[in-house]
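Here is upload-v9.cif, consisting of mmCIF, C-alpha atoms and all ligand atoms:
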```cif
data_start
#
loop_
_atom_site.label_atom_id
_atom_site.label_comp_id
_atom_site.auth_asym_id
_atom_site.auth_seq_id
_atom_site.Cartn_x
_atom_site.Cartn_y
_atom_site.Cartn_z
CA GLU A 953 -65.11 -42.20 78.64
CA LYS A 954 -62.80 -41.52 81.58
CA LEU A 955 -62.62 -42.38 85.24
CA ARG A 956 -63.16 -39.25 87.32
CA VAL A 957 -61.45 -40.32 90.54
CA ALA A 958 -62.00 -39.02 94.05
CA VAL A 959 -58.79 -39.58 96.01
CA ILE A 960 -59.59 -39.87 99.72
CA GLY A 961 -56.57 -38.96 101.84
CA ALA A 962 -53.78 -36.69 100.61
CA GLY A 963 -50.99 -38.01 102.84
CA ARG A 964 -47.88 -39.87 101.75
CA MET A 965 -49.59 -42.48 99.52
CA GLY A 966 -52.50 -40.23 98.52
CA ALA A 967 -50.21 -37.48 97.25
CA ASP A 968 -48.14 -40.05 95.37
CA HIS A 969 -51.28 -41.45 93.68
CA ILE A 970 -52.60 -37.97 92.83
CA ALA A 971 -49.38 -37.15 90.97
CA ARG A 972 -49.50 -40.55 89.27
CA LEU A 973 -53.11 -40.17 88.14
CA HIS A 974 -52.48 -36.64 86.90
CA HIS A 975 -49.20 -37.23 85.06
CA ARG A 976 -48.90 -40.86 84.05
CA ILE A 977 -52.20 -42.75 84.00
CA SER A 978 -54.38 -42.72 80.92
CA GLY A 979 -58.14 -43.04 81.05
CA ALA A 980 -58.33 -41.66 84.58
CA GLU A 981 -58.21 -38.15 86.06
CA VAL A 982 -58.32 -36.62 89.53
CA ALA A 983 -61.80 -35.15 90.01
CA ALA A 984 -61.70 -34.56 93.76
CA VAL A 985 -59.31 -34.78 96.70
CA VAL A 986 -60.53 -35.24 100.24
CA ASP A 987 -58.51 -34.69 103.38
CA ILE A 988 -59.52 -33.73 106.92
CA ASP A 989 -56.77 -31.15 106.55
CA VAL A 990 -58.47 -29.04 103.87
CA ALA A 991 -55.30 -27.05 103.22
CA ARG A 992 -53.57 -30.30 102.33
CA ALA A 993 -56.39 -31.20 99.93
CA GLU A 994 -56.20 -27.72 98.38
CA ALA A 995 -52.44 -28.07 97.92
CA ALA A 996 -52.90 -31.48 96.32
CA ILE A 997 -55.25 -30.23 93.56
CA LYS A 998 -53.01 -27.27 92.62
CA GLY A 999 -52.39 -27.41 88.88
CA ILE A 1000 -55.06 -30.06 88.22
CA PRO A 1001 -57.78 -28.43 86.12
CA GLY A 1002 -61.33 -29.41 87.07
CA ALA A 1003 -60.36 -30.97 90.41
CA VAL A 1004 -62.02 -29.87 93.65
CA ALA A 1005 -60.84 -30.08 97.27
CA LEU A 1006 -63.46 -31.44 99.66
CA ALA A 1007 -63.68 -32.12 103.38
CA SER A 1008 -65.52 -35.47 103.45
CA ALA A 1009 -65.57 -38.74 101.54
CA GLU A 1010 -69.36 -38.64 101.50
CA GLU A 1011 -69.34 -35.26 99.76
CA ALA A 1012 -66.89 -36.60 97.17
CA LEU A 1013 -68.95 -39.73 96.49
CA ASP A 1014 -72.09 -37.58 96.10
CA ASN A 1015 -70.32 -35.26 93.65
CA GLY A 1016 -71.82 -35.79 90.19
CA ASP A 1017 -68.40 -35.41 88.59
CA VAL A 1018 -66.98 -38.42 90.49
CA ASN A 1019 -67.35 -41.98 89.14
CA ALA A 1020 -64.50 -43.86 90.87
CA VAL A 1021 -62.66 -43.73 94.18
CA LEU A 1022 -59.10 -44.30 95.38
CA ILE A 1023 -58.91 -44.75 99.16
CA ALA A 1024 -55.59 -43.71 100.69
CA THR A 1025 -56.57 -42.78 104.24
CA PRO A 1026 -55.21 -44.58 107.30
CA GLY A 1027 -56.58 -48.14 107.35
CA PHE A 1028 -59.04 -47.67 110.22
CA LEU A 1029 -61.08 -45.26 108.06
CA HIS A 1030 -61.40 -47.64 105.07
CA GLU A 1031 -64.46 -49.65 106.13
CA ASP A 1032 -66.92 -46.77 106.22
CA ILE A 1033 -65.76 -45.36 102.86
CA LEU A 1034 -65.80 -48.85 101.28
CA PHE A 1035 -69.43 -49.43 102.25
CA LYS A 1036 -70.48 -46.03 100.91
CA ALA A 1037 -68.62 -46.61 97.64
CA LEU A 1038 -70.08 -50.13 97.27
CA GLU A 1039 -73.56 -48.63 97.67
CA ARG A 1040 -72.81 -46.30 94.78
CA ASP A 1041 -71.53 -49.24 92.73
CA ILE A 1042 -68.39 -47.49 91.47
CA PRO A 1043 -64.83 -48.82 90.89
CA ILE A 1044 -62.71 -48.74 94.06
CA LEU A 1045 -58.96 -48.90 94.50
CA CYS A 1046 -58.29 -49.31 98.23
CA GLU A 1047 -54.78 -48.99 99.63
CA LYS A 1048 -53.73 -51.82 101.92
CA PRO A 1049 -54.96 -52.88 104.40
CA LEU A 1050 -58.54 -53.43 103.20
CA THR A 1051 -59.59 -52.92 106.83
CA PRO A 1052 -57.54 -53.37 110.01
CA ASP A 1053 -59.09 -56.66 111.19
CA ALA A 1054 -60.47 -59.88 109.74
CA ALA A 1055 -64.07 -59.47 110.97
CA SER A 1056 -64.56 -56.08 109.32
CA ALA A 1057 -62.76 -57.23 106.16
CA LEU A 1058 -65.11 -60.22 105.96
CA LYS A 1059 -68.11 -57.86 106.21
CA VAL A 1060 -66.75 -55.97 103.20
CA VAL A 1061 -66.25 -59.24 101.29
CA GLU A 1062 -69.80 -60.36 102.12
CA ALA A 1063 -71.31 -57.04 101.04
CA GLU A 1064 -69.45 -57.13 97.74
CA ALA A 1065 -70.28 -60.81 97.17
CA LYS A 1066 -73.96 -60.00 97.74
CA SER A 1067 -73.80 -57.34 95.04
CA GLY A 1068 -72.62 -60.10 92.68
CA ARG A 1069 -69.85 -58.01 91.19
CA LYS A 1070 -66.21 -57.27 92.05
CA ARG A 1071 -65.73 -53.56 92.55
CA ILE A 1072 -62.83 -53.46 95.02
CA GLN A 1073 -59.18 -53.79 94.06
CA VAL A 1074 -56.75 -53.80 97.00
CA GLY A 1075 -53.43 -51.96 96.71
CA PHE A 1076 -50.96 -54.79 96.97
CA MET A 1077 -48.66 -53.13 94.45
CA ARG A 1078 -45.90 -55.71 94.62
CA ARG A 1079 -47.93 -58.02 92.37
CA PHE A 1080 -47.28 -55.46 89.61
CA ASP A 1081 -43.49 -55.43 90.09
CA ALA A 1082 -41.87 -57.04 87.00
CA GLU A 1083 -39.70 -59.42 89.05
CA TYR A 1084 -42.63 -60.44 91.25
CA ALA A 1085 -44.59 -61.31 88.12
CA ALA A 1086 -41.57 -63.20 86.73
CA LEU A 1087 -41.23 -65.33 89.87
CA ARG A 1088 -44.95 -66.10 89.84
CA GLY A 1089 -44.50 -67.07 86.16
CA ILE A 1090 -41.72 -69.53 87.05
CA VAL A 1091 -44.02 -71.14 89.64
CA THR A 1092 -47.01 -71.56 87.28
CA GLU A 1093 -44.91 -72.63 84.32
CA GLY A 1094 -43.24 -75.39 86.39
CA ARG A 1095 -39.87 -75.01 84.63
CA LEU A 1096 -37.94 -75.43 87.91
CA GLY A 1097 -40.25 -78.03 89.40
CA GLU A 1098 -42.20 -77.39 92.58
CA LEU A 1099 -41.66 -74.30 94.73
CA LEU A 1100 -40.54 -75.46 98.19
CA VAL A 1101 -39.31 -72.53 100.30
CA LEU A 1102 -39.54 -68.71 100.21
CA HIS A 1103 -37.10 -66.47 102.09
CA HIS A 1104 -38.16 -62.83 102.32
CA GLN A 1105 -36.23 -59.78 103.45
CA HIS A 1106 -38.27 -56.64 104.16
CA ARG A 1107 -36.13 -53.77 105.41
CA ASN A 1108 -37.05 -50.13 105.93
CA PRO A 1109 -34.57 -47.39 106.84
CA ASP A 1110 -36.75 -46.24 109.75
CA THR A 1111 -40.39 -45.86 110.77
CA PRO A 1112 -42.70 -42.88 111.05
CA ALA A 1113 -43.58 -41.65 114.55
CA GLY A 1114 -46.19 -43.84 116.23
CA PHE A 1115 -45.29 -47.02 114.33
CA THR A 1116 -46.19 -49.68 116.91
CA ASN A 1117 -44.95 -53.20 117.39
CA GLU A 1118 -48.19 -54.56 115.89
CA MET A 1119 -47.66 -52.39 112.82
CA LEU A 1120 -44.59 -54.44 111.91
CA ILE A 1121 -47.14 -57.18 111.13
CA ASN A 1122 -50.22 -55.16 110.10
CA ASP A 1123 -48.49 -52.57 107.91
CA SER A 1124 -45.29 -54.24 106.78
CA VAL A 1125 -45.50 -58.05 106.82
CA VAL A 1126 -49.02 -57.77 105.37
CA HIS A 1127 -47.21 -57.35 102.03
CA GLU A 1128 -45.40 -60.66 102.46
CA PHE A 1129 -48.66 -62.36 103.45
CA ASP A 1130 -50.02 -61.26 100.10
CA ALA A 1131 -46.76 -62.01 98.26
CA ILE A 1132 -46.64 -65.58 99.59
CA ARG A 1133 -50.29 -66.10 98.58
CA PHE A 1134 -49.50 -64.59 95.17
CA PHE A 1135 -46.37 -66.69 94.50
CA THR A 1136 -47.87 -69.98 95.69
CA GLY A 1137 -51.50 -69.46 94.66
CA GLU A 1138 -52.37 -70.92 98.07
CA GLU A 1139 -53.69 -69.67 101.38
CA ILE A 1140 -51.39 -69.36 104.40
CA THR A 1141 -52.27 -71.84 107.15
CA SER A 1142 -50.07 -70.81 110.08
CA VAL A 1143 -47.92 -67.98 111.39
CA GLN A 1144 -45.23 -67.89 114.05
CA VAL A 1145 -43.19 -64.88 115.15
CA ARG A 1146 -39.78 -65.06 116.78
CA LEU A 1147 -38.42 -62.06 118.66
CA GLY A 1148 -34.66 -62.19 118.84
CA LYS A 1149 -31.95 -59.73 119.68
CA PRO A 1150 -33.35 -56.22 119.08
CA THR A 1151 -31.54 -53.29 117.52
CA ARG A 1152 -30.74 -50.29 119.69
CA ASN A 1153 -32.07 -48.17 116.81
CA ALA A 1154 -35.72 -49.16 117.39
CA PRO A 1155 -37.99 -46.63 119.10
CA GLU A 1156 -39.46 -47.40 122.55
CA GLY A 1157 -42.04 -50.21 122.46
CA GLN A 1158 -41.00 -51.61 119.08
CA HIS A 1159 -39.18 -54.94 118.96
CA ASP A 1160 -37.12 -54.90 115.78
CA PRO A 1161 -36.19 -57.01 113.83
CA GLN A 1162 -38.67 -59.92 113.94
CA HIS A 1163 -38.58 -63.29 112.21
CA VAL A 1164 -41.92 -64.52 110.87
CA LEU A 1165 -42.38 -68.20 109.91
CA LEU A 1166 -45.26 -69.35 107.72
CA GLU A 1167 -46.72 -72.40 106.03
CA THR A 1168 -49.13 -72.69 103.11
CA GLU A 1169 -51.81 -75.26 102.30
CA SER A 1170 -49.46 -77.61 100.43
CA GLY A 1171 -46.65 -77.20 102.99
CA VAL A 1172 -44.51 -74.54 101.28
CA LEU A 1173 -42.39 -72.97 104.05
CA ALA A 1174 -41.74 -69.23 104.13
CA ASP A 1175 -39.86 -66.89 106.39
CA VAL A 1176 -39.75 -63.12 106.61
CA GLU A 1177 -37.10 -60.96 108.20
CA ILE A 1178 -38.98 -57.78 108.99
CA TYR A 1179 -36.46 -55.13 109.99
CA VAL A 1180 -37.91 -51.63 109.97
CA ASN A 1181 -35.03 -49.60 111.45
CA ALA A 1182 -32.34 -51.03 109.22
CA LYS A 1183 -30.93 -47.57 108.44
CA PHE A 1184 -29.05 -48.41 105.23
CA GLY A 1185 -32.01 -47.91 102.88
CA TYR A 1186 -35.15 -49.68 101.66
CA GLU A 1187 -35.00 -53.28 100.54
CA VAL A 1188 -37.62 -55.86 99.63
CA ALA A 1189 -36.14 -59.09 98.29
CA THR A 1190 -36.99 -62.77 98.01
CA GLN A 1191 -35.08 -65.98 97.47
CA ALA A 1192 -37.18 -68.91 96.27
CA SER A 1193 -36.00 -72.54 96.41
CA PHE A 1194 -37.44 -74.85 93.77
CA GLU A 1195 -36.81 -78.55 93.13
CA ASP A 1196 -34.55 -77.67 90.21
CA GLY A 1197 -33.21 -74.21 90.96
CA ILE A 1198 -32.97 -71.11 93.13
CA VAL A 1199 -34.44 -67.73 92.13
CA ASN A 1200 -33.54 -64.35 93.61
CA ILE A 1201 -35.61 -61.20 93.06
CA GLY A 1202 -35.50 -57.67 94.43
CA ASN A 1203 -31.77 -57.26 94.80
CA ASP A 1204 -30.59 -53.86 93.72
CA GLY A 1205 -30.17 -53.47 90.00
CA GLY A 1206 -27.61 -51.30 88.25
CA PRO A 1207 -25.88 -49.17 87.51
CA TYR A 1208 -22.92 -50.81 89.20
CA VAL A 1209 -20.12 -48.27 89.11
CA ARG A 1210 -16.40 -48.62 89.76
CA THR A 1211 -14.51 -45.37 90.16
CA GLN A 1212 -11.75 -43.81 92.22
CA GLY A 1213 -10.78 -47.06 93.87
CA ARG A 1214 -14.36 -47.91 94.92
CA TRP A 1215 -17.26 -49.93 93.58
CA GLY A 1216 -20.97 -49.50 94.26
CA GLY A 1217 -24.45 -48.43 93.27
CA ARG A 1218 -27.54 -46.88 94.79
CA ILE A 1219 -30.10 -48.30 97.21
CA THR A 1220 -33.68 -47.05 96.92
CA PRO A 1221 -34.56 -44.85 99.90
CA GLY A 1222 -38.22 -45.88 100.27
CA PHE A 1223 -41.19 -47.76 98.84
CA GLU A 1224 -42.25 -44.91 96.53
CA GLU A 1225 -38.98 -45.29 94.62
CA ARG A 1226 -38.57 -49.06 94.94
CA PHE A 1227 -42.11 -49.75 93.75
CA GLY A 1228 -42.72 -46.57 91.68
CA THR A 1229 -43.15 -48.48 88.43
CA ALA A 1230 -45.22 -51.18 90.15
CA TYR A 1231 -47.60 -48.49 91.47
CA ASP A 1232 -47.92 -47.01 87.97
CA VAL A 1233 -48.71 -50.42 86.47
CA GLU A 1234 -51.13 -51.17 89.32
CA VAL A 1235 -53.14 -47.97 88.94
CA GLN A 1236 -53.19 -48.28 85.12
CA ALA A 1237 -54.43 -51.89 85.43
CA TRP A 1238 -57.14 -50.71 87.83
CA ALA A 1239 -58.23 -47.88 85.50
CA ASP A 1240 -58.26 -50.10 82.40
CA ALA A 1241 -60.28 -52.81 84.15
CA ALA A 1242 -62.63 -50.30 85.78
CA LEU A 1243 -63.56 -48.89 82.39
CA ARG A 1244 -64.64 -52.45 81.44
CA GLY A 1245 -66.56 -52.83 84.72
CA GLU A 1246 -63.97 -55.20 86.22
CA ILE A 1247 -61.08 -55.15 88.68
CA GLY A 1248 -57.48 -55.48 87.50
CA GLY A 1249 -55.68 -56.91 90.52
CA PRO A 1250 -56.00 -58.31 94.03
CA SER A 1251 -59.58 -58.48 95.30
CA ALA A 1252 -61.41 -57.87 98.55
CA TRP A 1253 -60.88 -61.59 99.28
CA ASP A 1254 -57.11 -60.99 99.19
CA GLY A 1255 -57.70 -58.08 101.57
CA TYR A 1256 -59.66 -60.33 103.93
CA ALA A 1257 -57.26 -63.31 103.78
CA THR A 1258 -54.27 -61.08 104.56
CA ALA A 1259 -56.19 -59.41 107.40
CA ALA A 1260 -56.74 -62.89 108.89
CA CYS A 1261 -52.98 -63.56 108.56
CA CYS A 1262 -52.25 -60.26 110.32
CA GLU A 1263 -54.56 -61.13 113.18
CA ALA A 1264 -52.87 -64.51 113.61
CA GLY A 1265 -49.51 -62.77 113.27
CA VAL A 1266 -50.20 -60.26 116.04
CA GLU A 1267 -51.39 -63.08 118.31
CA ALA A 1268 -48.26 -65.07 117.43
CA GLN A 1269 -46.15 -62.01 118.26
CA ARG A 1270 -47.71 -61.99 121.73
CA THR A 1271 -47.64 -65.71 122.50
CA GLY A 1272 -44.65 -66.96 120.54
CA ALA A 1273 -46.80 -69.93 119.51
CA LYS A 1274 -47.45 -71.24 116.02
CA THR A 1275 -50.90 -69.82 115.30
CA ALA A 1276 -53.39 -71.19 112.79
CA VAL A 1277 -54.95 -68.91 110.18
CA VAL A 1278 -58.62 -69.81 109.85
CA LEU A 1279 -60.61 -68.40 106.93
CA ALA A 1280 -64.35 -68.19 106.36
CA PRO A 1281 -65.67 -70.04 103.29
CA LYS A 1282 -64.76 -68.23 100.06
CA PRO A 1283 -67.77 -66.77 98.22
CA GLY A 1284 -68.03 -68.04 94.63
CA LEU A 1285 -67.48 -64.52 93.26
CA TYR A 1286 -63.78 -64.83 94.14
CA ASN A 1287 -63.06 -68.21 92.54
C1 LIG B 1301 -45.70 -49.22 104.58
O1 LIG B 1301 -46.99 -48.96 105.07
C2 LIG B 1301 -45.80 -49.97 103.30
O2 LIG B 1301 -46.84 -50.35 102.84
C3 LIG B 1301 -44.49 -50.32 102.69
O3 LIG B 1301 -44.65 -51.00 101.49
C4 LIG B 1301 -43.73 -51.18 103.67
O4 LIG B 1301 -42.46 -51.48 103.16
C5 LIG B 1301 -43.57 -50.48 105.00
O5 LIG B 1301 -42.91 -51.33 105.90
C6 LIG B 1301 -44.92 -50.06 105.57
O6 LIG B 1301 -44.74 -49.33 106.75
#
```
Translate the structure described by the file into structure tokens.
Ligand code: ISE
Amino acid sequence: EKLRVAVIGAGRMGADHIARLHHRISGAEVAAVVDIDVARAEAAIKGIPGAVALASAEEALDNGDVNAVLIATPGFLHEDILFKALERDIPILCEKPLTPDAASALKVVEAEAKSGRKRIQVGFMRRFDAEYAALRGIVTEGRLGELLVLHHQHRNPDTPAGFTNEMLINDSVVHEFDAIRFFTGEEITSVQVRLGKPTRNAPEGQHDPQHVLLETESGVLADVEIYVNAKFGYEVATQASFEDGIVNIGNDGGPYVRTQGRWGGRITPGFEERFGTAYDVEVQAWADAALRGEIGGPSAWDGYATAACCEAGVEAQRTGAKTAVVLAPKPGLYN
């Protein structure tokens, strides 16, 4: 048996996932591609035997050849597709964010909890990065004592047109909200955002960089430098301070080359390259679990909890105040 996946959205992430499903993932195939731009959907299925290009998510979910869905549209379109897919009781891989705000994300969580079965996996791909998993392993194993502080750097070369100030939190720091929850195994309890000296390279209306300060339930402190017009390349790195040691992850690996009187290496240009392997592992884990009727990664609860962090983060951006993150009770399904 195979997953016959409808990919909804053939933009930057959708196209990346279509290629991944077609070339590298076993047990799953692209059955349909949906995009409001039908030409883009048509282009995306070129060379994929048996795949069809469709104009609406509903049509794809009603297609008898489809038994799973990967949602890669802009976030504001997720909610409607999620509810339709939950009704059909099929495996769902939903790109981050689950939905753009905490109230709608909670509705999704409640609907899934009512069904009694986890169907939604949220696309926080960093959890599938080998070094992310290694750092989480050091925390659970306890080899270096307790984890005390996390320092995150999240740098993009530039931003696509229309990337607003709020998107620094909702689209970018959302990954650190999940990463901090993943590393600590705890919820985040407060968020503060400091706006310092901005770069002249930021587009109108965007304050960049920003410094985000967080706390978790047990008092682990975390900070994030989000810097989305950093020019030099793409970088996502963390330094973790433990009682008995310091751990760094995400710094560029080799090859480190010395030639012609210079030394150096390459910096990944964007998230597709930096997290390419993590995305492959993520989608394979989703497909493998889906064929067993399970999910293989972060759940709708993780989507909701990070949405609540984003909401607090955007408020903190506006007020400068330390802002509490308040979560609804966690349904038993997610324990
Ligand atoms: C983008 O949407 C992502 O999800 C990337 O992982 C992140 O690095 C980037 O800042 C976001 O805009």
All residues 9 Å or closer to Gly1137 (chain A), only C-alpha atoms, same chain fewer than 4 positions away omitted, as a VMD selection string: chain A and resid 1088 1092 1132 to 1133
Residues up to 10 Å from ligand LIG 1301 (chain B), counting all atoms listed in the file: could you list those as a ChimeraX atom specification? /A:964-965,1026-1027,1047-1049,1075-1078,1106-1112,1115,1119-1128,1178-1181,1186-1188,1222-1224,1226-1227
Could you write out as AutoDock Vina command-line options the box around region 962-977 of chain A (axis-aligned, all atoms listed in the file, 6 Å on each side), with centre and edge lengths in Å to one decimal?
```
--center_x -50.8 --center_y -39.7 --center_z 93.4 --size_x 17.9 --size_y 18.1 --size_z 30.8
```
Which one is closest to Ala1242 (chain A): A:Arg1218, A:His1163, A:Arg956, A:Lys998? Count all atoms listed in the file. A:Arg956
Taking only C-alpha atoms into account, which of A:Ala1280, A:Gly1213, A:Glu1195, A:Asp1232 comes nearest Leu973 (chain A)?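 Once distances to Leu973 (chain A) are computed over only C-alpha atoms, the minimum belongs to A:Asp1232.
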Find the spatial neighbours of region 1251-1262 of chain A, counting only C-alpha atoms, within a cut-off of 6 Å - ignore same-chain residues fewer than 5 positions away - and output them as a PyMOL selection string. chain A and resi 1050+1053-1054+1057-1058+1061+1072-1074+1122+1129+1277
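When CA of Ala1237 (chain A) is paired with CA of Val957 (chain A), their separation reads 14.5 Å.
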